[in-house]
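Quick look at model33.pdb (PDB, C-alpha atoms and all ligand atoms):
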```
MODEL        1
ATOM      1  CA  MET A   1      80.665 -40.266  13.967
ATOM      2  CA  SER A   2      79.105 -40.485  10.508
ATOM      3  CA  CYS A   3      75.412 -40.682  11.342
ATOM      4  CA  LEU A   4      73.455 -37.615  10.183
ATOM      5  CA  PHE A   5      70.925 -37.757  13.018
ATOM      6  CA  CYS A   6      73.639 -38.292  15.664
ATOM      7  CA  LYS A   7      75.200 -35.083  14.301
ATOM      8  CA  ILE A   8      71.870 -33.281  14.756
ATOM      9  CA  ILE A   9      71.698 -34.572  18.350
ATOM     10  CA  ALA A  10      75.252 -33.285  18.918
ATOM     11  CA  ARG A  11      74.347 -29.907  17.301
ATOM     12  CA  GLU A  12      77.107 -30.481  14.741
ATOM     13  CA  ILE A  13      74.658 -29.770  11.930
ATOM     14  CA  PRO A  14      71.617 -27.488  12.252
ATOM     15  CA  ALA A  15      68.012 -28.629  12.434
ATOM     16  CA  ALA A  16      64.701 -27.051  13.408
ATOM     17  CA  ILE A  17      64.488 -28.726  16.822
ATOM     18  CA  ILE A  18      61.071 -28.336  18.428
ATOM     19  CA  ALA A  19      61.226 -30.653  21.452
ATOM     20  CA  GLU A  20      63.784 -32.557  23.481
ATOM     21  CA  ASP A  21      63.993 -34.623  26.641
ATOM     22  CA  ALA A  22      66.626 -36.884  28.171
ATOM     23  CA  HIS A  23      65.962 -39.677  25.661
ATOM     24  CA  CYS A  24      64.412 -38.184  22.514
ATOM     25  CA  LEU A  25      64.726 -35.298  20.076
ATOM     26  CA  ALA A  26      62.105 -33.927  17.653
ATOM     27  CA  PHE A  27      62.898 -31.730  14.663
ATOM     28  CA  ARG A  28      61.148 -30.703  11.459
ATOM     29  CA  ASP A  29      61.744 -32.856   8.364
ATOM     30  CA  ILE A  30      63.811 -30.942   5.798
ATOM     31  CA  ASN A  31      61.494 -32.170   3.010
ATOM     32  CA  PRO A  32      58.033 -32.052   4.588
ATOM     33  CA  GLN A  33      55.314 -34.317   3.189
ATOM     34  CA  ALA A  34      52.500 -32.748   5.250
ATOM     35  CA  PRO A  35      51.831 -29.390   6.970
ATOM     36  CA  THR A  36      53.267 -30.981  10.115
ATOM     37  CA  HIS A  37      56.141 -33.370   9.401
ATOM     38  CA  VAL A  38      58.385 -33.937  12.393
ATOM     39  CA  LEU A  39      61.021 -36.617  12.973
ATOM     40  CA  VAL A  40      61.214 -38.102  16.458
ATOM     41  CA  ILE A  41      64.448 -39.907  17.243
ATOM     42  CA  PRO A  42      66.003 -41.634  20.229
ATOM     43  CA  LYS A  43      69.269 -40.025  21.359
ATOM     44  CA  GLU A  44      70.767 -43.507  21.419
ATOM     45  CA  HIS A  45      72.015 -44.624  18.001
ATOM     46  CA  VAL A  46      69.934 -47.588  16.822
ATOM     47  CA  PRO A  47      70.033 -48.105  13.023
ATOM     48  CA  SER A  48      66.446 -49.287  12.578
ATOM     49  CA  LEU A  49      63.577 -51.038  14.318
ATOM     50  CA  ASN A  50      65.282 -54.328  13.416
ATOM     51  CA  GLN A  51      68.152 -53.535  15.813
ATOM     52  CA  MET A  52      65.996 -52.130  18.635
ATOM     53  CA  THR A  53      66.695 -54.434  21.585
ATOM     54  CA  ASP A  54      65.074 -52.355  24.360
ATOM     55  CA  PRO A  55      61.309 -52.106  23.822
ATOM     56  CA  ALA A  56      61.231 -49.175  26.282
ATOM     57  CA  LEU A  57      63.104 -47.138  23.667
ATOM     58  CA  GLY A  58      60.247 -47.658  21.220
ATOM     59  CA  GLY A  59      57.737 -46.713  23.876
ATOM     60  CA  ARG A  60      59.592 -43.493  24.631
ATOM     61  CA  VAL A  61      59.721 -42.558  20.938
ATOM     62  CA  LEU A  62      55.969 -43.228  20.567
ATOM     63  CA  ALA A  63      55.008 -41.283  23.689
ATOM     64  CA  PHE A  64      57.256 -38.412  22.621
ATOM     65  CA  ALA A  65      55.640 -38.344  19.160
ATOM     66  CA  ARG A  66      52.226 -38.209  20.859
ATOM     67  CA  ASP A  67      53.366 -35.275  23.011
ATOM     68  CA  VAL A  68      54.730 -33.426  19.974
ATOM     69  CA  ALA A  69      51.409 -34.016  18.166
ATOM     70  CA  LYS A  70      49.676 -32.285  21.089
ATOM     71  CA  GLN A  71      52.246 -29.472  21.008
ATOM     72  CA  GLU A  72      51.680 -29.034  17.260
ATOM     73  CA  GLY A  73      47.905 -28.884  17.760
ATOM     74  CA  ILE A  74      47.079 -31.948  15.631
ATOM     75  CA  ALA A  75      46.376 -34.530  18.348
ATOM     76  CA  GLU A  76      42.600 -34.206  18.206
ATOM     77  CA  ARG A  77      42.262 -33.950  14.404
ATOM     78  CA  GLY A  78      44.543 -36.906  13.911
ATOM     79  CA  TYR A  79      48.041 -37.739  12.838
ATOM     80  CA  ARG A  80      50.124 -40.635  11.605
ATOM     81  CA  VAL A  81      53.350 -42.055  13.070
ATOM     82  CA  VAL A  82      55.473 -44.028  10.590
ATOM     83  CA  LEU A  83      58.709 -45.966  10.964
ATOM     84  CA  ASN A  84      60.210 -46.887   7.612
ATOM     85  CA  THR A  85      62.443 -49.920   8.062
ATOM     86  CA  ASN A  86      65.083 -50.848   5.475
ATOM     87  CA  ALA A  87      65.202 -50.415   1.723
ATOM     88  CA  GLU A  88      61.839 -51.655   0.522
ATOM     89  CA  ALA A  89      60.042 -49.399   2.997
ATOM     90  CA  GLY A  90      62.102 -46.399   1.866
ATOM     91  CA  GLN A  91      64.406 -45.945   4.860
ATOM     92  CA  THR A  92      67.242 -43.612   3.828
ATOM     93  CA  VAL A  93      68.689 -42.539   7.203
ATOM     94  CA  PHE A  94      69.838 -45.428   9.366
ATOM     95  CA  HIS A  95      69.158 -43.938  12.772
ATOM     96  CA  LEU A  96      65.739 -45.088  13.972
ATOM     97  CA  HIS A  97      63.195 -42.311  13.510
ATOM     98  CA  ALA A  98      59.451 -41.926  13.663
ATOM     99  CA  HIS A  99      57.801 -39.645  11.121
ATOM    100  CA  LEU A 100      54.979 -37.640  12.713
ATOM    101  CA  LEU A 101      52.658 -36.500   9.924
ATOM    102  CA  GLY A 102      49.551 -34.387  10.275
ATOM    103  CA  GLY A 103      47.642 -31.288   9.279
ATOM    104  CA  ARG A 104      46.009 -32.893   6.245
ATOM    105  CA  GLU A 105      43.874 -35.880   5.334
ATOM    106  CA  GLN A 106      45.997 -39.033   5.242
ATOM    107  CA  GLY A 107      45.401 -41.596   2.508
ATOM    108  CA  TRP A 108      45.165 -45.308   3.180
ATOM    109  CA  PRO A 109      46.878 -47.558   2.306
ATOM    110  CA  PRO A 110      50.150 -45.605   2.313
ATOM    111  CA  GLY A 111      52.100 -45.705  -0.966
TER     112      GLY A 111
HETATM  113  P1  LIG A 201      63.435 -42.175   5.869
HETATM  114  O1  LIG A 201      63.327 -42.073   4.380
HETATM  115  O2  LIG A 201      62.277 -42.841   6.551
HETATM  116  O3  LIG A 201      64.767 -42.766   6.287
HETATM  117  O4  LIG A 201      63.382 -40.684   6.410
HETATM  118  C1  LIG A 201      64.481 -39.835   6.443
HETATM  119  C2  LIG A 201      63.932 -38.449   6.497
HETATM  120  O5  LIG A 201      64.960 -37.578   6.932
HETATM  121  C3  LIG A 201      63.433 -37.910   5.157
HETATM  122  O6  LIG A 201      62.050 -37.584   5.266
HETATM  123  C4  LIG A 201      64.302 -36.676   4.925
HETATM  124  O7  LIG A 201      63.577 -35.613   4.313
HETATM  125  C5  LIG A 201      64.760 -36.347   6.320
HETATM  126  N1  LIG A 201      66.017 -35.618   6.415
HETATM  127  C6  LIG A 201      67.174 -35.912   5.779
HETATM  128  N2  LIG A 201      68.136 -35.044   6.153
HETATM  129  C7  LIG A 201      67.576 -34.200   7.048
HETATM  130  C8  LIG A 201      68.047 -33.085   7.797
HETATM  131  N3  LIG A 201      69.327 -32.652   7.693
HETATM  132  N4  LIG A 201      67.185 -32.428   8.607
HETATM  133  C9  LIG A 201      65.896 -32.845   8.703
HETATM  134  N5  LIG A 201      65.395 -33.897   8.040
HETATM  135  C10 LIG A 201      66.219 -34.563   7.221
HETATM  136 ZN    ZN A 202      72.795 -42.053  14.777
ENDMDL
END
```
Please express the file's structure as structure tokens.
Ligand code: AMP
Ligand code: ZN
Amino acid sequence: MSCLFCKIIAREIPAAIIAEDAHCLAFRDINPQAPTHVLVIPKEHVPSLNQMTDPALGGRVLAFARDVAKQEGIAERGYRVVLNTNAEAGQTVFHLHAHLLGGREQGWPPG
């Protein structure tokens, strides 16, 4: 298995895991871009949104990100959930992941 995030799910490489359920895992981004920067991933390996065949998987990732935002205390202030998809959007790890960003003012449009 060569996927970095699958290795984090399998506990083969360490990560700062902050939440987990049967379908999803949340851990802190190693290079945070905001005071709260958490990655929410499905435990099933799906390379990107382009290959996501089961829309329920996307719904679980979104709901889990929302729950982690509450857990992190940023739900009321506000937060952003971002899925970078493929090269032009800056995707570097090809295991679908949602960035949960919060704890600071977010600019719009994103860069
Ligand atoms: P993306 O560029 O959307 O594919 O996001 C990949 C994210 O994974 C980046 O924000 C990286 O900082 C993050 N990342 C890469 N390796 C690790 C790791 N070992 N633990 C936590 N986050 C990581
Ligand atoms: Zn994977």
Practice task
Just the residues within 7 Å of A:Val46, please, counting all atoms listed in the file, with nothing from its chain fewer than 5 positions along; format it as a list in words.
Solution key: Gln51, Met52, His95 and Leu96 of chain A
Exercise for the section: Residues within 12 Å of ligand ZN 202 (chain A) should be enumerated using only C-alpha atoms and all ligand atoms and returned as a list of chain:residue names. Expected result: A:Met1, A:Ser2, A:Cys3, A:Leu4, A:Phe5, A:Cys6, A:Lys7, A:Ile8, A:Ile9, A:Ala10, A:Leu25, A:Ile41, A:Pro42, A:Lys43, A:Glu44, A:His45, A:Val46, A:Pro47, A:Ser48, A:Val93, A:Phe94, A:His95, A:Leu96, A:His97
Each residue of chain A lying at most 10 Å from ligand LIG 201 (chain A) should get a row with its shortest atom-to-atom pair and the distance in Å to one decimal, counting all atoms listed in the file; could you produce that, ordered by chain and increasing number, as a tab-separated table?
```
residue	atom	partner	partner_atom	distance
A:Leu4	CA	A:LIG201	N3	6.9
A:Phe5	CA	A:LIG201	N3	7.5
A:Lys7	CA	A:LIG201	N3	9.2
A:Ile8	CA	A:LIG201	N3	7.5
A:Ile13	CA	A:LIG201	N3	7.4
A:Pro14	CA	A:LIG201	N3	7.3
A:Ala15	CA	A:LIG201	N4	5.5
A:Ala16	CA	A:LIG201	C9	7.6
A:Ile17	CA	A:LIG201	C9	9.2
A:Ala26	CA	A:LIG201	C9	9.8
A:Phe27	CA	A:LIG201	C9	6.8
A:Arg28	CA	A:LIG201	C9	5.9
A:Asp29	CA	A:LIG201	N5	3.8
A:Ile30	CA	A:LIG201	N5	4.0
A:Asn31	CA	A:LIG201	O7	4.2
A:Pro32	CA	A:LIG201	O7	6.6
A:Gln33	CA	A:LIG201	O6	7.8
A:His37	CA	A:LIG201	O6	8.4
A:Val38	CA	A:LIG201	N5	8.3
A:Leu39	CA	A:LIG201	N5	7.1
A:Ser48	CA	A:LIG201	O3	9.2
A:Val82	CA	A:LIG201	O2	8.0
A:Leu83	CA	A:LIG201	O2	6.5
A:Asn84	CA	A:LIG201	O2	4.7
A:Thr85	CA	A:LIG201	O2	7.2
A:Asn86	CA	A:LIG201	O3	8.1
A:Ala87	CA	A:LIG201	O3	8.9
A:Ala89	CA	A:LIG201	O2	7.8
A:Gly90	CA	A:LIG201	O1	5.2
A:Gln91	CA	A:LIG201	O3	3.5
A:Thr92	CA	A:LIG201	O3	3.6
A:Val93	CA	A:LIG201	O3	4.0
A:Phe94	CA	A:LIG201	O3	6.5
A:His95	CA	A:LIG201	O3	7.9
A:Leu96	CA	A:LIG201	O3	8.1
A:His97	CA	A:LIG201	O2	7.0
A:Ala98	CA	A:LIG201	O2	7.7
A:His99	CA	A:LIG201	O2	7.2
```
Exercise for the section: I would like the residues chosen by the PyMOL selection byres (((chain A and resi 74) around 12) and not hetatm) on the shown file; could you give them as a PyMOL selection string? Expected result: chain A and resi 34-38+65-73+75-80+100-105
Handout entry: From A:Gly111, A:Gln106, A:Arg60, A:Glu88, residue lying nearest A:Ala22 [all atoms listed in the file]
Key = A:Arg60
Problem - Gap from atom CA of A:Glu12 to atom CA of A:Leu62 - Å, one decimal - result: 25.4 Å
Exercise for the section: Could you jot down the atom CA of A:Val81 to atom CA of A:Ile18 separation for me, Å, one decimal place? Expected result: 16.6 Å
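A straight line drawn from atom CA of A:His23 to atom CA of A:Val61 is 8.3 Å long.
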Please return stretch 22-38 of chain A, rebuilt to N, CA and C atoms, as a tab-separated table (two decimals), in the coordinates of the input.
```
chain	number	residue	atom	x	y	z
A	22	ALA	N	65.38	-36.16	27.90
A	22	ALA	CA	66.63	-36.88	28.17
A	22	ALA	C	66.88	-37.97	27.13
A	23	HIS	N	65.81	-38.50	26.53
A	23	HIS	CA	65.96	-39.68	25.66
A	23	HIS	C	65.67	-39.42	24.19
A	24	CYS	N	64.91	-38.38	23.88
A	24	CYS	CA	64.41	-38.18	22.51
A	24	CYS	C	64.61	-36.75	22.04
A	25	LEU	N	64.63	-36.61	20.71
A	25	LEU	CA	64.73	-35.30	20.08
A	25	LEU	C	63.70	-35.27	18.95
A	26	ALA	N	63.06	-34.10	18.76
A	26	ALA	CA	62.10	-33.93	17.65
A	26	ALA	C	62.50	-32.69	16.86
A	27	PHE	N	62.54	-32.85	15.54
A	27	PHE	CA	62.90	-31.73	14.66
A	27	PHE	C	62.12	-31.85	13.36
A	28	ARG	N	61.96	-30.72	12.68
A	28	ARG	CA	61.15	-30.70	11.46
A	28	ARG	C	61.90	-31.38	10.31
A	29	ASP	N	61.16	-32.21	9.55
A	29	ASP	CA	61.74	-32.86	8.36
A	29	ASP	C	62.12	-31.78	7.36
A	30	ILE	N	63.29	-31.93	6.75
A	30	ILE	CA	63.81	-30.94	5.80
A	30	ILE	C	63.01	-30.94	4.50
A	31	ASN	N	62.29	-32.02	4.24
A	31	ASN	CA	61.49	-32.17	3.01
A	31	ASN	C	60.07	-32.60	3.39
A	32	PRO	N	59.31	-31.66	3.97
A	32	PRO	CA	58.03	-32.05	4.59
A	32	PRO	C	57.02	-32.60	3.59
A	33	GLN	N	56.34	-33.66	4.01
A	33	GLN	CA	55.31	-34.32	3.19
A	33	GLN	C	53.90	-34.02	3.70
A	34	ALA	N	53.79	-33.14	4.68
A	34	ALA	CA	52.50	-32.75	5.25
A	34	ALA	C	52.72	-31.42	5.97
A	35	PRO	N	51.65	-30.67	6.26
A	35	PRO	CA	51.83	-29.39	6.97
A	35	PRO	C	52.63	-29.54	8.26
A	36	THR	N	52.38	-30.62	9.00
A	36	THR	CA	53.27	-30.98	10.12
A	36	THR	C	54.00	-32.25	9.73
A	37	HIS	N	55.32	-32.18	9.67
A	37	HIS	CA	56.14	-33.37	9.40
A	37	HIS	C	57.39	-33.25	10.29
A	38	VAL	N	57.34	-34.00	11.36
A	38	VAL	CA	58.38	-33.94	12.39
A	38	VAL	C	59.02	-35.32	12.50
```
